[in-house]
Each structure stands twice: as C-alpha cells, then as structure tokens.
Amino acid sequence: MRRLLTIVSICLYLFLYAPIVVVILFSFNDNPHGASWTGFTAHWYMKLVRNPDILQAFKNTLWLGGISTFISTILGTLLGIGLNRYNFRGKRWLTSSLYFPVAIPDIIMAVALMLFYGIARQMSGVFDLGMTTMILGHITFQIPFVAIVVRARLSGLDPALEEAAQDLGANAWQIFWRINLPLLTPGILAGALLAFTLSLDDFIVSFFTTGPGATTLPIYIYSSVKRGITPEINAVSSLMIVASISLVLLLTLLDKKSLGSFSK
Amino acid sequence: MFLVIPLLGIVVISFLSRGELGNIQRPFTFENYARFFGWGFLGFDPMYLWILGQSVLLSLVTTVLCLTTGLPLAFYLAQLSERYRNFALILVVAPLWTNLLIRTYSWQIILAPEGVLTRLISWLGIISSHEVLYPGFFAIFIGMVCDFLPFLVLPLYVSVEKIDYSLVDAAKDLGANPLQVIRHAILPQIAPGLLAGIILVFIPALGQFIIPDLLGGAKIMLLGNALQMEFGASRDWPFGSAIAIIILALVGAGLVFYARFQRNPD
C-alpha cells in the first residue's frame with residue numbers, strides 16, 4: 001500500500017514538473033520548428049540578446065515590476081499598519097475587502113480594471129491604455145498581498161517594545177521610525193518581493209490593461225506562442241522560470257530569517 | 001500623522017473597490033439597453049448557456065480529477081518523516097511560482113501530434129493514428145490538473161496530517177468494514193481540508209482563460225474565453241460585464257456555500 005502511494009506520488013511530481021523541464025530542455029534544441037529533438041545548442045540564448053522586441057519587453061517588465069512594487073509596498077505597508085493599529089468606522093469592511101482581489105479570479109479583476117480605465121478615459125481624457133494603466137493595475141492587485149504580509153508581521157510584534165518607548169518619552173513619529181519600522185523591515189521586504197514576483201508572473205492583468213507599444217515578457221510569450229512555439233521563446237521562458245524560482249528562494253530565505261528574528 | 005496613514009489606505013482601497021464594483025455597475029446606468037440585450041441574448045440564444053454549462057462541467061471534471069490525484073499525494077506527504085516532509089511540500093508548491101503561461105504552452109510541445117508521447121500512445125493502440133492529444137479537451141484537462149493540483153493538495157494535506165488514527169482503530173474494533181471506516185472515521189476528519197481544496201480548484205477553474213485558450217484549440221469556447229472575446233475582439237463591454245457578473249455570482253455562490261459549511265459542518 002505504501003509502495004503504491006510512493007509510486008503514484010512520484011508520477012505526480014513528474015507530471016507537475018514535466019512542463020517546466022520540457023521548456024528548459026527545448027530551449028537548447030537545435031531544431032527551429034516542431035517538437036522533435038535534433039541536437040543541443042545554446043544558440044537561441046545568443047539570439048535573444050540581439051532581438052530588440054524581446055529586449056524592449058524585458059525592459060518594460062522590469063520597469064513595470066519595479067515601479068508598481070515600489071508604490072504598492074509603501075501603500076500596502078501603510079494600509080497594513082493602519083488596519084492593525086487603529087479602529088475606525090468601516091474597518092471590518094475594509095479588512096475583508098482586502099481579501100476580495102485575492103479571492104476572485106484574476107480575469108474578472110482584469111476586465112474590471114480595463115472597464116474602469118475605459119470609463120475614466122471617456123470622462124477625463126487621460127488613462128490611455130499603456131504602461132501607466134498597466135502599472136496602476138499591478139499596484140491594485142499587489143497592495144492587498146503586501147498589506148496582508150505586513151499585517152501578519154505586525155501582529156507578531158511585541159507590544160511591550162512600543163510601550164517601553166512611550167514610557168521613555170518617545171513621540172509617535174519616533175516610535176514609528178525607531179521601533180516599528182526596523183522591526184517590520186523583514187516583513188516589508190518579504191511583501192515587496194512577493195509583489196515583484198506576482199508582477200513578473202502576471203499575464204492576465206497586463207494583457208487587459210496594456211496598450212500599443214507596452215509589451216511585457218509574458219505578453220510577448222503569449223502572442224508568440226499563438227503563432228507557434230520557437231526555441232527562442234523557450235529560451236525566454238527558461239530565463240523567466242529561473243528568475244521566478246530564484247526570487248522565491250530568496251523569499252523563503254528572508255521569511256525564515258524574519259521569523260527567526262521574531263522568535264528572539 | 002497617524003490619522004493620515006489609514007486615511008490614505010482607505011483612499012487606495014476605495015479606488016480598488018471602485019475598480020471592481022463601480023465600473024461593472026456603471027454600464028448598469030449608462031448602457032442599460034445593451035446590457036438587457038445581453039441578458040436577453042443569454043436567455044434566448046442557447047449558445048451562451050451552452051458555454052456556461054460547458055465551463056461548469058469542465059470545472060467539475062477538473063475538480064474530480066484533482067481529487068483522485070490529490071488524495072494519494074496528500075496521504076503520501078502526511079506519512080513522510082518530518083525531515084523530508086517540508087521539502088516535499090515545497091516541491092508541490094514551487095511550480096506555482098513559475099509563469100502559468102509557460103507551464104501551459106509547454107504541454108503543446110509534450111502533447112504535440114508529432115511528439116514522442118502521441119506516437120507512443122498511438123503505437124500502443126490507445127488512440128488511433130489520426131487522433132491527437134492536443135488540441136482538445138484531453139489537453140485542457142491535463143493543463144488544468146497540472147495547474148490546480150497544488151491548490152487542492154495543500155489544504156488537504158493539512159487535514160490529512162491531523163487525522164487521529166485511533167478513531168480508525170476504534171471503528172475497526174467495532175467491526176466496521178473498510179468502506180465504513182472511510183465513510184465514518186476518515187472522511188469527517190478530512191472534510192474541512194477537502195472542501196477548502198475543492199473551492200480553491202473549482203472557483204478559479206471557472207474563470208480560467210489561458211489553459212483553454214492555449215490547449216483547447218479554436219473550437220472550444222468557455223466562460224473565460226468568451227469574456228476575453230467580448231472585451232477584446234468584439235468590444236461588447238456591457239455584455240462582457242454581464243458574463244463577468246455571472247462568473248462572479250458563481251464564485252460568490254461557491255464562497256457562501258463554503259462559509260455555510262464551515263459554520264455548520266454537518
């Protein structure tokens with residue numbers, strides 16, 4: 001019985017990893033078309049560096065991820081602190097609405113944002129679909145994740161530290177900069193890294209909120225795959241897989257560290 | 001200062017909620033006719049009802065497939081020694097962090113008509129030589145299970161790990177047959193994880209757009225694709241919103257059902 005369970009599980013692991021392994025494998029395939037293996041080459045990676053479309057998409061992806069992560073980390077942290085520390089009317093509503101974008105299918109969120117930008121454009125003349133709307137869209141779905149992570153960290157903090165600072169005559173501002181912020185830093189960093197990873201991997205929201213000229217790597221991959229898979233696309237995808245996995249490894253490392261500093 | 005911070009947060013969140021509710025509601029007032037037309041369309045032309053039915057059925061089958069594969073995996077994880085368990089668990093979740101788009105189109109390569117797998121299977125006589133694995137429903141289900149399996153395994157594992165096996169022994173001592181043991185001693189214990197997993201698979205599967213789009217070929221139309229079409233090529237936003245609201249209603253129904261069950265597990 002146990003042996004059967006092991007065999008089934010190993011098969012499932014193979015099944016889960018098959019697509020990832022195959023993409024990486026086929027990025028080294030000499031055959032420019034189709035699904036048959038003809039020989040090993042690193043040629044496609046060399047070609048990537050010279051492809052202006054891919055380079056532009058890469059730049060856009062980094063810009064998008066960088067800016068949206070920066071803004072959503074600040075706003076998400078403030079939101080997390082605000083929700084943890086203060087009582088105000090509508091707090092419960094606000095807290096549960098935090099989980100709303102996390103729970104609904106992302107395609108709903110994406111078309112909702114697209115509609116919203118469309119209406120805003122009609123009324124105000126700005127909000128042309130493109131990089132700006134894409135950044136706004138990413139910020140929107142990143143904030144809840146950052147806020148949830150920061151809030152979780154915050155509730156693990158020892159309130160005695162803050163009280164001690166108060167007893168020693170620190171004002172609210174000093175408490176925030178000297179006590180809360182340093183203690184929260186690992187949590188904020190984890191939130192930021194999570195936000196960046198989500199932005200990097202997002203296709204749906206970008207796809208619906210982007211405009212002409214603003215192509216990200218996932219959008220580039222999608223439109224290329226629609227025309228036919230090439231080893232070059234496999235090479236881009238492999239690099240993205242490596243990037244995501246390294247980011248997640250960093251995140252787990254940070255998580256362990258920050259958890260460690262809490263238990264001290 | 002500390003009053004401003006939460007206020008800022010509220011401004012941000014209100015922007016966010018407007019993004020979701022407000023702009024879905026706006027066509028309500030502006031383009032009522034188009035919207036009603038959309039509803040009429042849905043009521044009288046069975047095409048969209050067909051899409052709806054097909055999507056629900058697809059989500060259901062995906063959930064069942066994930067259950068049949070996820071249950072053994074959850075039990076396997078739970079019986080591992082603690083040293084390996086965390087690592088094995090991370091291995092289950094890690095693929096989720098790579099782009100779904102990439103993991104999906106990769107199946108196009110694996111299941112390609114001229115690929116090794118297809119030739120092997122048709123050589124074995126499982127499918128006839130002119131049949132293909134991709135594109136079609138087979139490929140969609142492969143892609144769906146590959147994507148959603150971790151979502152089911154994770155909560156299920158949490159429940160399976162906590163199973164109190166003395167109850168199983170007690171049931172056996174009392175003369176229960178294996179089926180009765182599962183029904184009365186194991187199932188109630190893993191029900192919360194099982195349900196959470198089912199919800200986590202069924203709901204996102206309803207709106208899935210990438211997997212049917214890349215693996216189903218052009219002929220298969222599902223809610224997610226219909227949504228994309230209305231907002232993309234057809235530019236019929238009010239009707240698209242109607243589809244979005246139908247998906248949201250299904251999601252809401254699922255969540256309400258889940259909340260009910262959590263409060264009252266029997």
# chains A, B, ... in the order shown; residues from 1 in each chain; ligands from 1
>>> residues_around(residues="Tyr105 of chain B", least_positions_apart="2", cutoff="10 Å", atoms="only C-alpha atoms", output="VMD selection string")
(chain A and resid 19 23 221 to 222 225 to 226 228 to 229 234) or (chain B and resid 100 to 103 107 to 110 143 210 to 211 213 to 215)
>>> residues_around(residues="Thr118 of chain B", least_positions_apart="5", cutoff="8 Å", atoms="only C-alpha atoms", output="ChimeraX atom specification")
/B:111-113,132-133
>>> atom_distance(atom1="atom CA of Phe148 of chain B", atom2="atom CA of Cys66 of chain B")
7.1 Å
>>> closest_residue(among="B:Ala88, B:Leu58, B:Leu65, B:Leu73", to="chain A", atoms="only C-alpha atoms")
B:Leu73
>>> residues_around(residues="Gln180 of chain B", least_positions_apart="6", cutoff="12 Å", atoms="only C-alpha atoms", output="ChimeraX atom specification")
/B:168,170-172,174,186-188
>>> residues_around(residues="Leu195 of chain B", least_positions_apart="4", cutoff="8 Å", atoms="only C-alpha atoms", output="mmCIF file with N, CA and C atoms, in the first residue's frame")
data_model
loop_
_atom_site.group_PDB
_atom_site.id
_atom_site.type_symbol
_atom_site.label_atom_id
_atom_site.label_comp_id
_atom_site.auth_asym_id
_atom_site.auth_seq_id
_atom_site.Cartn_x
_atom_site.Cartn_y
_atom_site.Cartn_z
ATOM 1 N N ALA B 191 -12.754 16.435 6.054
ATOM 2 C CA ALA B 191 -13.740 17.231 5.316
ATOM 3 C C ALA B 191 -13.358 18.715 5.162
ATOM 4 N N ILE B 199 -12.949 24.101 -3.271
ATOM 5 C CA ILE B 199 -13.283 25.501 -3.582
ATOM 6 C C ILE B 199 -12.117 26.167 -4.316
ATOM 7 N N TYR B 258 -19.340 27.565 1.009
ATOM 8 C CA TYR B 258 -18.177 27.206 1.820
ATOM 9 C C TYR B 258 -18.321 27.761 3.232
#
>>> residues_around(residues="Phe58 of chain A", least_positions_apart="2", cutoff="10 Å", atoms="only C-alpha atoms", output="number ranges by chain")
A: 52-56, 60-64, 215-218, 220, 236
>>> closest_residue(among="B:Leu60, B:Leu194, B:Ile203, B:Ser122", to="Ala249 of chain B", atoms="only C-alpha atoms")
B:Ile203
>>> closest_residue(among="B:Leu206, B:Ile190, B:Val181, B:Met144", to="Tyr157 of chain B", atoms="only C-alpha atoms")
B:Ile190
>>> closest_residue(among="A:Phe88, A:Phe145, A:Phe40, A:Tyr117", to="Thr132 of chain A", atoms="only C-alpha atoms")
A:Tyr117
>>> decode(residues="segment 168-212 of chain A", atoms="N, CA and C atoms", output="tab-separated table (two decimals), in the first residue's frame")
chain	number	residue	atom	x	y	z
A	168	LEU	N	9.59	55.95	27.78
A	168	LEU	CA	10.84	56.69	27.75
A	168	LEU	C	10.67	58.04	27.06
A	169	GLY	N	9.45	58.35	26.70
A	169	GLY	CA	9.17	59.69	26.20
A	169	GLY	C	9.26	59.87	24.70
A	170	ALA	N	9.20	58.78	23.96
A	170	ALA	CA	9.25	58.92	22.50
A	170	ALA	C	7.88	59.35	21.99
A	171	ASN	N	7.87	60.21	20.98
A	171	ASN	CA	6.59	60.57	20.39
A	171	ASN	C	6.22	59.57	19.30
A	172	ALA	N	5.03	59.71	18.77
A	172	ALA	CA	4.51	58.72	17.82
A	172	ALA	C	5.43	58.55	16.61
A	173	TRP	N	5.95	59.67	16.15
A	173	TRP	CA	6.82	59.66	14.99
A	173	TRP	C	8.10	58.89	15.28
A	174	GLN	N	8.68	59.16	16.46
A	174	GLN	CA	9.91	58.46	16.85
A	174	GLN	C	9.66	56.96	17.00
A	175	ILE	N	8.52	56.64	17.57
A	175	ILE	CA	8.20	55.21	17.74
A	175	ILE	C	8.14	54.53	16.38
A	176	PHE	N	7.52	55.21	15.44
A	176	PHE	CA	7.39	54.60	14.12
A	176	PHE	C	8.76	54.37	13.48
A	177	TRP	N	9.61	55.42	13.51
A	177	TRP	CA	10.90	55.30	12.81
A	177	TRP	C	11.89	54.43	13.54
A	178	ARG	N	11.89	54.51	14.87
A	178	ARG	CA	12.93	53.83	15.63
A	178	ARG	C	12.53	52.41	16.02
A	179	ILE	N	11.24	52.19	16.25
A	179	ILE	CA	10.81	50.88	16.77
A	179	ILE	C	10.10	50.05	15.71
A	180	ASN	N	9.01	50.60	15.20
A	180	ASN	CA	8.18	49.79	14.30
A	180	ASN	C	8.87	49.47	12.98
A	181	LEU	N	9.40	50.49	12.35
A	181	LEU	CA	9.93	50.30	11.00
A	181	LEU	C	11.08	49.30	10.96
A	182	PRO	N	12.09	49.43	11.85
A	182	PRO	CA	13.16	48.43	11.81
A	182	PRO	C	12.65	47.01	12.05
A	183	LEU	N	11.69	46.89	12.98
A	183	LEU	CA	11.16	45.55	13.26
A	183	LEU	C	10.36	45.01	12.09
A	184	LEU	N	9.75	45.93	11.36
A	184	LEU	CA	8.88	45.50	10.26
A	184	LEU	C	9.65	45.23	8.97
A	185	THR	N	10.89	45.74	8.92
A	185	THR	CA	11.62	45.68	7.65
A	185	THR	C	11.62	44.30	6.98
A	186	PRO	N	11.90	43.22	7.73
A	186	PRO	CA	11.87	41.91	7.03
A	186	PRO	C	10.50	41.62	6.42
A	187	GLY	N	9.45	41.98	7.14
A	187	GLY	CA	8.10	41.76	6.61
A	187	GLY	C	7.84	42.59	5.38
A	188	ILE	N	8.28	43.86	5.43
A	188	ILE	CA	8.06	44.74	4.28
A	188	ILE	C	8.83	44.22	3.07
A	189	LEU	N	10.07	43.78	3.32
A	189	LEU	CA	10.87	43.23	2.24
A	189	LEU	C	10.22	42.00	1.64
A	190	ALA	N	9.71	41.14	2.52
A	190	ALA	CA	9.04	39.93	2.03
A	190	ALA	C	7.83	40.30	1.20
A	191	GLY	N	7.07	41.29	1.67
A	191	GLY	CA	5.91	41.75	0.92
A	191	GLY	C	6.30	42.30	-0.43
A	192	ALA	N	7.39	43.09	-0.46
A	192	ALA	CA	7.84	43.69	-1.71
A	192	ALA	C	8.28	42.61	-2.70
A	193	LEU	N	8.98	41.62	-2.18
A	193	LEU	CA	9.47	40.55	-3.04
A	193	LEU	C	8.30	39.74	-3.60
A	194	LEU	N	7.31	39.52	-2.74
A	194	LEU	CA	6.11	38.82	-3.19
A	194	LEU	C	5.43	39.62	-4.29
A	195	ALA	N	5.31	40.93	-4.06
A	195	ALA	CA	4.65	41.80	-5.04
A	195	ALA	C	5.40	41.77	-6.37
A	196	PHE	N	6.72	41.80	-6.29
A	196	PHE	CA	7.52	41.81	-7.51
A	196	PHE	C	7.36	40.50	-8.27
A	197	THR	N	7.38	39.40	-7.53
A	197	THR	CA	7.21	38.10	-8.18
A	197	THR	C	5.85	38.00	-8.86
A	198	LEU	N	4.83	38.50	-8.16
A	198	LEU	CA	3.48	38.46	-8.74
A	198	LEU	C	3.42	39.29	-10.02
A	199	SER	N	4.07	40.45	-9.98
A	199	SER	CA	4.07	41.33	-11.15
A	199	SER	C	4.79	40.67	-12.32
A	200	LEU	N	5.90	40.03	-12.01
A	200	LEU	CA	6.70	39.38	-13.04
A	200	LEU	C	5.92	38.25	-13.71
A	201	ASP	N	5.12	37.55	-12.92
A	201	ASP	CA	4.41	36.39	-13.45
A	201	ASP	C	3.06	36.74	-14.05
A	202	ASP	N	2.60	37.96	-13.79
A	202	ASP	CA	1.25	38.27	-14.23
A	202	ASP	C	1.16	38.37	-15.74
A	203	PHE	N	0.14	37.73	-16.26
A	203	PHE	CA	-0.15	37.90	-17.68
A	203	PHE	C	-1.53	38.52	-17.86
A	204	ILE	N	-2.52	38.01	-17.13
A	204	ILE	CA	-3.91	38.39	-17.36
A	204	ILE	C	-4.13	39.90	-17.19
A	205	VAL	N	-3.74	40.44	-16.05
A	205	VAL	CA	-3.99	41.86	-15.80
A	205	VAL	C	-3.24	42.72	-16.81
A	206	SER	N	-1.99	42.37	-17.09
A	206	SER	CA	-1.23	43.12	-18.09
A	206	SER	C	-1.92	43.07	-19.44
A	207	PHE	N	-2.35	41.88	-19.80
A	207	PHE	CA	-2.95	41.65	-21.12
A	207	PHE	C	-4.16	42.55	-21.34
A	208	PHE	N	-4.97	42.73	-20.30
A	208	PHE	CA	-6.19	43.51	-20.48
A	208	PHE	C	-5.97	45.00	-20.29
A	209	THR	N	-4.91	45.39	-19.59
A	209	THR	CA	-4.76	46.82	-19.32
A	209	THR	C	-3.65	47.45	-20.14
A	210	THR	N	-3.02	46.68	-21.00
A	210	THR	CA	-1.92	47.24	-21.77
A	210	THR	C	-2.44	47.91	-23.05
A	211	GLY	N	-1.58	48.70	-23.64
A	211	GLY	CA	-1.95	49.34	-24.89
A	211	GLY	C	-0.86	49.12	-25.91
A	212	PRO	N	-1.00	49.73	-27.08
A	212	PRO	CA	0.01	49.53	-28.11
A	212	PRO	C	1.39	49.97	-27.63
